[in-house]
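> The structure file data-v8.cif (mmCIF, C-alpha atoms) is provided below.
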```cif
data_target
#
loop_
_atom_site.label_atom_id
_atom_site.label_comp_id
_atom_site.auth_asym_id
_atom_site.auth_seq_id
_atom_site.Cartn_x
_atom_site.Cartn_y
_atom_site.Cartn_z
CA MET H 1 50.13 -120.25 99.96
CA LYS H 2 52.94 -117.72 99.66
CA LYS H 3 55.58 -117.94 102.36
CA GLU H 4 56.82 -114.98 104.36
CA LEU H 5 60.21 -114.45 105.97
CA ILE H 6 59.96 -113.88 109.71
CA GLU H 7 62.46 -113.68 112.54
CA LEU H 8 61.93 -115.69 115.71
CA ARG H 9 63.99 -115.53 118.87
CA VAL H 10 64.05 -118.98 120.43
CA ASN H 11 66.13 -120.03 123.43
CA ALA H 12 68.16 -116.79 123.24
CA ARG H 13 69.02 -117.30 119.54
CA ASN H 14 67.65 -115.51 116.47
CA TYR H 15 66.30 -117.50 113.52
CA GLU H 16 65.06 -116.38 110.12
CA VAL H 17 62.48 -118.77 108.68
CA ALA H 18 60.28 -118.68 105.59
CA ILE H 19 56.82 -119.88 106.60
CA GLU H 20 53.21 -119.67 105.51
CA PRO H 21 51.16 -117.09 107.44
CA SER H 22 49.02 -119.90 108.86
CA ALA H 23 51.99 -121.91 110.17
CA LEU H 24 51.64 -122.93 113.79
CA LEU H 25 54.47 -122.28 116.20
CA LEU H 26 54.66 -125.98 117.11
CA ASP H 27 55.23 -126.96 113.48
CA VAL H 28 57.88 -124.30 112.97
CA LEU H 29 59.74 -125.34 116.11
CA ARG H 30 59.67 -129.01 115.23
CA GLN H 31 60.04 -128.96 111.45
CA GLU H 32 61.98 -125.79 110.66
CA LEU H 33 64.16 -125.42 113.77
CA GLN H 34 64.42 -129.14 114.67
CA LEU H 35 63.42 -128.39 118.26
CA THR H 36 61.39 -131.54 118.79
CA GLY H 37 61.07 -131.40 122.57
CA SER H 38 57.64 -129.77 122.31
CA LYS H 39 55.15 -132.53 121.51
CA ARG H 40 51.97 -132.72 119.47
CA GLY H 41 49.20 -134.36 121.46
CA CYS H 42 45.75 -132.98 120.70
CA ASP H 43 45.94 -129.95 118.36
CA ASP H 44 43.20 -128.18 120.32
CA SER H 45 44.88 -126.93 123.52
CA SER H 46 43.56 -129.81 125.61
CA CYS H 47 46.68 -131.71 126.69
CA GLY H 48 49.50 -129.19 127.18
CA ALA H 49 52.20 -131.41 125.64
CA CYS H 50 53.18 -128.59 123.27
CA THR H 51 53.61 -125.93 125.99
CA VAL H 52 56.38 -123.38 125.52
CA GLN H 53 57.02 -120.01 127.12
CA VAL H 54 56.43 -116.80 125.23
CA ASP H 55 57.91 -113.85 127.10
CA GLY H 56 57.87 -116.04 130.18
CA VAL H 57 54.20 -117.01 129.92
CA ALA H 58 53.25 -120.65 129.37
CA MET H 59 51.51 -120.93 126.00
CA MET H 60 50.32 -123.88 123.93
CA SER H 61 52.17 -123.80 120.64
CA CYS H 62 49.75 -126.09 118.79
CA THR H 63 47.21 -123.26 118.37
CA LEU H 64 49.59 -120.30 118.30
CA LEU H 65 50.56 -118.72 114.97
CA ALA H 66 54.32 -118.54 114.60
CA ALA H 67 54.12 -115.15 112.91
CA SER H 68 52.38 -113.70 115.96
CA CYS H 69 55.48 -114.44 118.06
CA GLU H 70 57.88 -112.14 116.18
CA GLY H 71 59.68 -109.83 118.59
CA GLN H 72 58.98 -112.07 121.56
CA GLU H 73 61.26 -114.38 123.54
CA ILE H 74 60.29 -118.01 123.01
CA THR H 75 61.66 -120.69 125.33
CA THR H 76 61.27 -124.39 124.67
CA ILE H 77 62.28 -127.37 126.77
CA GLU H 78 65.65 -127.31 124.99
CA GLY H 79 66.33 -123.89 126.52
CA VAL H 80 65.50 -124.74 130.11
CA SER H 81 68.96 -125.96 131.18
CA GLU H 82 71.03 -123.53 133.23
CA HIS H 83 74.70 -122.94 132.37
CA GLY H 84 74.92 -126.34 130.73
CA SER H 85 73.40 -128.15 133.72
CA LEU H 86 69.90 -129.44 134.35
CA ALA H 87 67.49 -126.94 135.83
CA ALA H 88 66.12 -127.77 139.29
CA ILE H 89 62.82 -129.00 137.85
CA GLN H 90 64.55 -131.24 135.30
CA LYS H 91 66.75 -132.80 137.97
CA ALA H 92 63.78 -133.26 140.28
CA TYR H 93 61.83 -135.10 137.58
CA GLY H 94 64.72 -137.54 137.26
CA ASP H 95 65.20 -137.93 141.02
CA TRP H 96 61.53 -138.55 141.76
CA GLY H 97 60.53 -140.48 138.63
CA GLY H 98 58.26 -137.68 137.51
CA ALA H 99 58.19 -139.01 133.95
CA GLN H 100 56.74 -142.35 132.90
CA CYS H 101 56.58 -142.54 129.11
CA GLY H 102 57.93 -138.96 129.07
CA TYR H 103 55.75 -137.66 126.24
CA CYS H 104 53.97 -135.05 128.34
CA THR H 105 57.02 -134.13 130.43
CA PRO H 106 58.31 -131.16 128.37
CA GLY H 107 54.92 -129.47 128.55
CA PHE H 108 54.65 -130.01 132.30
CA ILE H 109 58.15 -128.66 132.88
CA MET H 110 57.49 -125.51 130.85
CA THR H 111 54.28 -124.88 132.79
CA VAL H 112 56.06 -125.38 136.12
CA LYS H 113 58.92 -123.07 135.11
CA SER H 114 56.42 -120.36 134.24
CA LEU H 115 54.63 -120.84 137.54
CA MET H 116 57.83 -120.71 139.59
CA ALA H 117 59.00 -117.56 137.81
CA GLU H 118 55.74 -115.86 138.78
CA ASN H 119 55.38 -117.42 142.23
CA PRO H 120 58.58 -118.88 143.76
CA ASP H 121 56.68 -120.46 146.64
CA PRO H 122 53.35 -121.77 145.30
CA SER H 123 51.03 -123.78 147.51
CA ALA H 124 49.98 -127.31 146.58
CA GLU H 125 46.64 -125.91 145.43
CA GLU H 126 48.34 -123.32 143.23
CA VAL H 127 50.55 -125.99 141.66
CA ARG H 128 47.54 -128.16 140.87
CA ALA H 129 45.65 -125.20 139.43
CA ALA H 130 48.59 -124.27 137.18
CA LEU H 131 48.92 -127.85 135.94
CA SER H 132 45.22 -128.26 135.23
CA SER H 133 45.98 -127.43 131.59
CA ASN H 134 48.41 -130.35 131.26
CA LEU H 135 47.41 -134.01 130.96
CA CYS H 136 49.46 -137.13 131.68
CA ARG H 137 48.02 -140.17 129.92
CA CYS H 138 50.12 -142.46 132.14
CA THR H 139 48.37 -140.91 135.18
CA GLY H 140 51.72 -140.42 136.90
CA TYR H 141 50.68 -137.33 138.81
CA ASN H 142 51.89 -138.30 142.28
CA GLN H 143 55.52 -138.56 141.19
CA MET H 144 55.16 -135.29 139.30
CA TYR H 145 53.88 -133.42 142.32
CA GLU H 146 56.73 -134.81 144.44
CA ALA H 147 59.21 -133.70 141.76
CA ILE H 148 57.67 -130.24 141.60
CA ARG H 149 57.70 -129.84 145.37
CA SER H 150 61.35 -130.92 145.37
CA ALA H 151 62.19 -128.40 142.64
CA ILE H 152 60.47 -125.59 144.52
CA ALA H 153 62.48 -126.58 147.59
CA ALA H 154 65.72 -126.61 145.57
CA GLU H 155 65.05 -123.10 144.27
CA SER H 156 64.31 -121.85 147.79
CA ASN H 157 67.33 -123.67 149.20
CA GLY H 158 69.66 -121.87 146.84
CA SER H 159 68.60 -118.48 148.20
CA VAL H 160 69.04 -119.66 151.81
CA VAL H 161 72.50 -121.15 151.19
CA SER H 162 73.63 -117.77 149.87
CA GLU H 163 72.97 -116.43 153.41
CA TRP H 164 75.18 -119.04 155.10
CA LYS H 165 77.42 -116.50 156.84
CA ARG H 166 74.47 -114.80 158.50
CA ILE H 167 73.03 -118.15 159.59
CA PHE H 168 76.16 -119.77 161.00
CA GLU H 169 78.15 -116.62 161.87
CA PRO H 170 81.42 -118.52 162.47
CA ASP H 171 82.74 -115.90 164.96
CA SER H 172 79.65 -115.98 167.19
CA ARG H 173 81.27 -118.15 169.91
CA SER H 174 77.97 -119.84 170.69
CA LEU H 175 76.69 -123.31 169.91
CA LEU H 176 74.31 -123.79 167.04
CA ASP H 177 71.52 -126.30 167.66
CA MET H 178 69.47 -128.27 165.15
CA TRP H 179 66.17 -129.38 166.68
CA VAL H 180 63.50 -131.90 165.71
CA PHE H 181 60.41 -131.69 167.92
CA ASP H 182 57.62 -134.21 168.55
CA ALA H 183 59.98 -137.10 167.92
CA SER H 184 59.77 -140.57 169.48
CA PRO H 185 62.06 -143.51 170.32
CA THR H 186 61.10 -144.96 166.93
CA ALA H 187 62.19 -141.75 165.19
CA TRP H 188 65.42 -141.81 167.19
CA GLN H 189 66.14 -145.37 166.08
CA THR H 190 65.33 -144.52 162.46
CA LEU H 191 67.82 -141.65 162.68
CA LEU H 192 70.54 -143.80 164.25
CA ASP H 193 70.10 -146.56 161.66
CA TRP H 194 70.40 -144.04 158.85
CA LEU H 195 73.42 -142.33 160.39
CA ARG H 196 75.18 -145.66 160.88
CA LYS H 197 74.67 -146.42 157.18
CA ASP H 198 75.42 -143.03 155.61
CA TYR H 199 77.88 -141.15 157.85
CA PRO H 200 81.19 -141.84 159.64
CA LEU H 201 80.33 -141.99 163.35
CA GLU H 202 82.13 -142.09 166.67
CA TYR H 203 80.09 -143.17 169.69
CA LEU H 204 81.48 -142.48 173.18
CA GLU H 205 80.39 -143.45 176.69
CA ASP H 206 82.07 -141.39 179.40
CA SER H 207 84.55 -140.27 176.69
CA ALA H 208 85.50 -143.88 175.89
CA PRO H 209 84.84 -145.21 172.36
CA ALA H 210 82.14 -147.91 172.17
CA ALA H 211 79.91 -149.64 169.63
CA LEU H 212 76.72 -147.70 168.88
CA PRO H 213 73.82 -149.49 170.66
CA THR H 214 70.11 -149.13 170.01
CA PHE H 215 68.36 -146.01 171.18
CA ASP H 216 66.38 -148.02 173.74
CA ALA H 217 69.63 -149.28 175.24
CA ILE H 218 71.07 -145.76 175.36
CA TRP H 219 67.94 -144.38 177.00
CA LYS H 220 67.54 -147.16 179.57
CA ARG H 221 70.96 -146.36 181.02
CA HIS H 222 70.63 -142.66 180.36
CA GLY H 223 73.03 -140.60 182.45
CA ALA H 224 75.26 -143.47 183.51
CA PRO H 225 77.36 -143.64 181.46
CA VAL H 226 77.12 -140.35 179.58
CA PRO H 227 76.62 -141.01 175.81
CA LEU H 228 77.89 -138.85 172.96
CA LEU H 229 77.56 -139.45 169.22
CA ARG H 230 79.87 -137.55 166.86
CA ILE H 231 78.82 -137.32 163.22
CA ASP H 232 81.49 -136.48 160.65
CA LEU H 233 80.06 -133.96 158.18
CA GLY H 234 83.27 -133.68 156.19
CA GLY H 235 86.16 -132.54 158.36
CA PHE H 236 84.01 -131.28 161.24
CA THR H 237 81.42 -132.85 163.51
CA ALA H 238 77.85 -132.54 164.69
CA ASN H 239 77.22 -133.92 168.17
CA ILE H 240 74.25 -135.67 169.75
CA HIS H 241 74.00 -135.90 173.56
CA PHE H 242 70.68 -137.82 173.90
CA PHE H 243 69.06 -135.40 176.36
CA SER H 244 65.45 -136.30 175.51
CA SER H 245 63.49 -139.19 174.03
CA ASP H 246 60.92 -136.97 172.27
CA GLU H 247 63.16 -134.13 171.06
CA ILE H 248 66.24 -134.54 168.91
CA GLU H 249 68.96 -131.95 169.47
CA ILE H 250 72.12 -131.88 167.34
CA ASP H 251 74.96 -129.48 168.24
CA LEU H 252 77.34 -127.69 165.90
CA MET H 253 80.22 -125.34 166.59
CA PRO H 254 79.66 -122.31 164.33
CA GLU H 255 83.39 -121.74 163.95
CA ASP H 256 83.58 -125.15 162.26
CA VAL H 257 81.15 -123.98 159.57
CA ASN H 258 83.60 -121.47 158.11
CA SER H 259 82.98 -121.92 154.38
CA LYS H 260 80.09 -122.20 151.97
CA THR H 261 81.09 -125.80 151.26
CA ARG H 262 80.79 -126.72 154.93
CA ALA H 263 77.52 -124.82 155.25
CA GLU H 264 76.16 -126.78 152.29
CA SER H 265 77.14 -130.05 153.97
CA VAL H 266 75.18 -129.01 157.08
CA PHE H 267 72.15 -128.04 155.01
CA LYS H 268 72.37 -131.32 153.08
CA PHE H 269 72.46 -133.19 156.39
CA ALA H 270 69.49 -131.26 157.83
CA ILE H 271 67.45 -131.73 154.65
CA ALA H 272 68.10 -135.48 154.73
CA VAL H 273 67.04 -135.65 158.41
CA ALA H 274 63.85 -133.70 157.71
CA ARG H 275 62.91 -135.97 154.82
CA LEU H 276 63.86 -139.12 156.73
CA LEU H 277 61.77 -138.29 159.79
CA LYS H 278 59.12 -136.33 157.87
CA LYS H 279 59.45 -133.52 160.41
CA ASP H 280 60.71 -129.95 160.44
CA VAL H 281 64.30 -129.23 161.46
CA ILE H 282 65.08 -125.78 162.89
CA PHE H 283 68.39 -123.97 163.45
CA VAL H 284 68.71 -121.93 166.65
CA PRO H 285 71.73 -120.71 168.64
CA GLU H 286 72.16 -122.32 172.07
CA CYS H 287 69.83 -120.44 174.39
CA GLY H 288 69.31 -122.33 177.64
CA ASN H 289 65.92 -123.70 178.70
CA ALA H 290 63.68 -122.18 176.05
CA SER H 291 60.48 -124.05 175.24
CA ALA H 292 59.80 -125.66 171.87
CA ALA H 293 57.41 -122.83 171.00
CA GLU H 294 60.02 -120.20 171.89
CA LEU H 295 62.71 -121.98 169.88
CA LYS H 296 60.45 -122.25 166.83
CA ALA H 297 59.58 -118.56 167.11
CA THR H 298 63.24 -117.53 167.23
CA ALA H 299 64.61 -119.93 164.60
CA PHE H 300 66.48 -118.10 161.89
CA CYS H 301 66.52 -121.06 159.51
CA SER H 302 64.35 -124.15 159.12
CA VAL H 303 63.83 -127.16 156.86
CA ASP H 304 60.38 -128.60 156.29
CA SER H 305 59.54 -132.27 155.84
CA VAL H 306 59.89 -131.97 152.06
CA GLY H 307 63.44 -130.64 152.42
CA LYS H 308 62.72 -126.98 151.72
CA LEU H 309 64.95 -124.47 153.50
CA SER H 310 63.42 -121.23 154.72
CA LEU H 311 65.21 -118.24 156.15
CA GLY H 312 63.74 -116.96 159.42
CA LYS H 313 63.52 -113.35 160.50
CA ALA H 314 65.36 -113.86 163.80
CA SER H 315 68.90 -112.62 164.30
CA ARG H 316 71.71 -113.79 166.56
CA GLU H 317 71.62 -110.37 168.18
CA ILE H 318 68.66 -111.40 170.34
CA PHE H 319 70.75 -114.21 171.83
CA ARG H 320 73.70 -112.05 172.90
#
```
Translate this file's structure into structure tokens.


Amino acid sequence: MKKELIELRVNARNYEVAIEPSALLLDVLRQELQLTGSKRGCDDSSCGACTVQVDGVAMMSCTLLAASCEGQEITTIEGVSEHGSLAAIQKAYGDWGGAQCGYCTPGFIMTVKSLMAENPDPSAEEVRAALSSNLCRCTGYNQMYEAIRSAIAAESNGSVVSEWKRIFEPDSRSLLDMWVFDASPTAWQTLLDWLRKDYPLEYLEDSAPAALPTFDAIWKRHGAPVPLLRIDLGGFTANIHFFSSDEIEIDLMPEDVNSKTRAESVFKFAIAVARLLKKDVIFVPECGNASAAELKATAFCSVDSVGKLSLGKASREIFR
């Protein structure tokens, strides 16, 4: 069959290729352009291993004519990286073990990227519906879903971090509290064990340095002496006063969070706490004896149990 010269734009680059009119996009990508990340699995649109994006839409390249894609923007797994670094979904797959044999992984990632571009905050049901066109023969779906949830959180977190000045407002002259509600002595001890292992700590009783005891020991002699735990977040501290056994309150001085780097260290800390305890963490300025419901309603930033940051609608103005 006579070949025709066509021009394809793939991963932001233009290519001229001589192909037969019946040539499939998958074959052209793999054989002519040496972009072998897209995989051949079924040849009938059943497995999704060959998925690429065409003008941002996830398409299966094993049944798509290459000639029909002229004038469109094609993105393969090789074009997913951002500024030379792994995209959030690629990093998440590595962190959570989302790939087993890895054969289906490029197709899954391209489908997820398309979904997230259309819907930055998809529900679990929407994620599963989007991935119904992709098959994993290793049946490693649980790790994939964890990776995808983590990637969605990472994308959301980036937009919240960009608002760090509005959240921490270093000149506000009021304490900033991080709260975890519906905790327990067991959760407290889990937190203390993790802090002892991962962060520089200073524990004080009546302002005198002491070895950090168990939470039960702290609570049994609660109030006499007065306990204080200082957590070094990188040149500044977060403080725990142990006021309650079923609510965890961590204090920050907003003026200490005077750079994006410091804000990121606070967010990283809060995300780790949320994942560790599998509970939400909220950020609220110090506001007296408000109830848990009132604090949740006025939070202007929160982290869910997966580690996803969300920006609240509340403003510090209501606390002045």

> Using all atoms listed in the file, which residues sit within 9 Å of H:Asp121 once same-chain residues fewer than 5 positions away are excluded, as a PyMOL selection string?

chain H and resi 116+152-153+156

> I'd like to know which of H:Leu309, H:Met253, H:Leu65, H:Ala187 is closest to H:Thr237, using all atoms listed in the file.

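Using all atoms listed in the file, the shortest distance to H:Thr237 belongs to H:Met253.
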
> Counting all atoms listed in the file, which of H:Leu191, H:Ile231, H:Val17, H:Cys104 gets nearest to H:Arg137?

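Closest to H:Arg137 of all the choices is H:Cys104.
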
> Neighbouring residues of H:Val281 were defined as those with any atom within 12 Å, considering all atoms listed in the file; residues of the same chain fewer than 4 positions away were excluded. Please report them as a compact mmCIF listing (two decimals) with C-alpha atoms, keeping the file's coordinate frame.


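The result, stored in selection.txt:
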```
# COMPACT_ATOMS: atom_id res chain seq x y z
CA ASP H 177 71.52 -126.30 167.66
CA MET H 178 69.47 -128.27 165.15
CA TRP H 179 66.17 -129.38 166.68
CA VAL H 180 63.50 -131.90 165.71
CA PHE H 181 60.41 -131.69 167.92
CA ASP H 182 57.62 -134.21 168.55
CA ALA H 183 59.98 -137.10 167.92
CA GLU H 247 63.16 -134.13 171.06
CA ILE H 248 66.24 -134.54 168.91
CA GLU H 249 68.96 -131.95 169.47
CA ILE H 250 72.12 -131.88 167.34
CA VAL H 266 75.18 -129.01 157.08
CA PHE H 267 72.15 -128.04 155.01
CA LYS H 268 72.37 -131.32 153.08
CA PHE H 269 72.46 -133.19 156.39
CA ALA H 270 69.49 -131.26 157.83
CA ILE H 271 67.45 -131.73 154.65
CA ALA H 272 68.10 -135.48 154.73
CA VAL H 273 67.04 -135.65 158.41
CA ALA H 274 63.85 -133.70 157.71
CA ARG H 275 62.91 -135.97 154.82
CA LEU H 276 63.86 -139.12 156.73
CA LEU H 277 61.77 -138.29 159.79
CA ALA H 292 59.80 -125.66 171.87
CA LEU H 295 62.71 -121.98 169.88
CA LYS H 296 60.45 -122.25 166.83
CA ALA H 299 64.61 -119.93 164.60
CA PHE H 300 66.48 -118.10 161.89
CA CYS H 301 66.52 -121.06 159.51
CA SER H 302 64.35 -124.15 159.12
CA VAL H 303 63.83 -127.16 156.86
CA ASP H 304 60.38 -128.60 156.29
CA SER H 305 59.54 -132.27 155.84
CA VAL H 306 59.89 -131.97 152.06
CA GLY H 307 63.44 -130.64 152.42
CA LYS H 308 62.72 -126.98 151.72
CA LEU H 309 64.95 -124.47 153.50
CA SER H 310 63.42 -121.23 154.72
```

> I need the residue set behind the PyMOL selection byres ((chain H and resi 135) around 10) for this file; please write it as a PyMOL selection string.

chain H and resi 41+46-49+104-105+107-108+131-134+136-141

> What residues come out when you apply the PyMOL selection byres ((chain H and resi 219-225) around 6) to this file, written as an MDAnalysis selection string?

chainID H and resid 205:206 216:218 226

> May I ask for the distance between atom CA of H:Thr190 and atom CA of H:Ala92, given in Å to one decimal place?

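Computing the Euclidean distance for atom CA of H:Thr190 and atom CA of H:Ala92 yields 24.9 Å.
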
> Which value, in Å to one decimal, gives the distance between atom CA of H:Asp232 and atom CA of H:Asn157?

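A separation of 22.3 Å between them.
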
> Between H:Ala23, H:Val52, H:Ile89, H:Ala130, which residue has the minimum interatomic distance to H:Ala154, considering only C-alpha atoms?

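Nearest candidate to H:Ala154 out of H:Ala23, H:Val52, H:Ile89, H:Ala130: H:Ile89.
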
> Between H:Tyr203, H:Cys42, H:Glu146, H:Glu163, single out the one closest to H:Ile240, counting all atoms listed in the file.

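Among H:Tyr203, H:Cys42, H:Glu146, H:Glu163, it is H:Tyr203 that comes nearest to H:Ile240.
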
> Just the number, please: distance in Å from atom CA of H:Lys197 to atom CA of H:Asn239, one decimal.

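Going from atom CA of H:Lys197 over to atom CA of H:Asn239 covers 16.8 Å.
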
> With distances taken over all atoms listed in the file, which of H:Thr75, H:Phe236, H:Gly56, H:Met144 is nearest to H:Ser38?

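Closest to H:Ser38, using all atoms listed in the file: H:Thr75.
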
> Which residues are near H:Val127? Cut-off 9 Å, all atoms listed in the file, ignore same chain within fewer than 4 positions. Put them as a list in words.

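The contact residues come out as Val112, Leu115, Pro122, Ser123, Leu131, Ser132, Tyr145, Ile148 and Arg149 of chain H.
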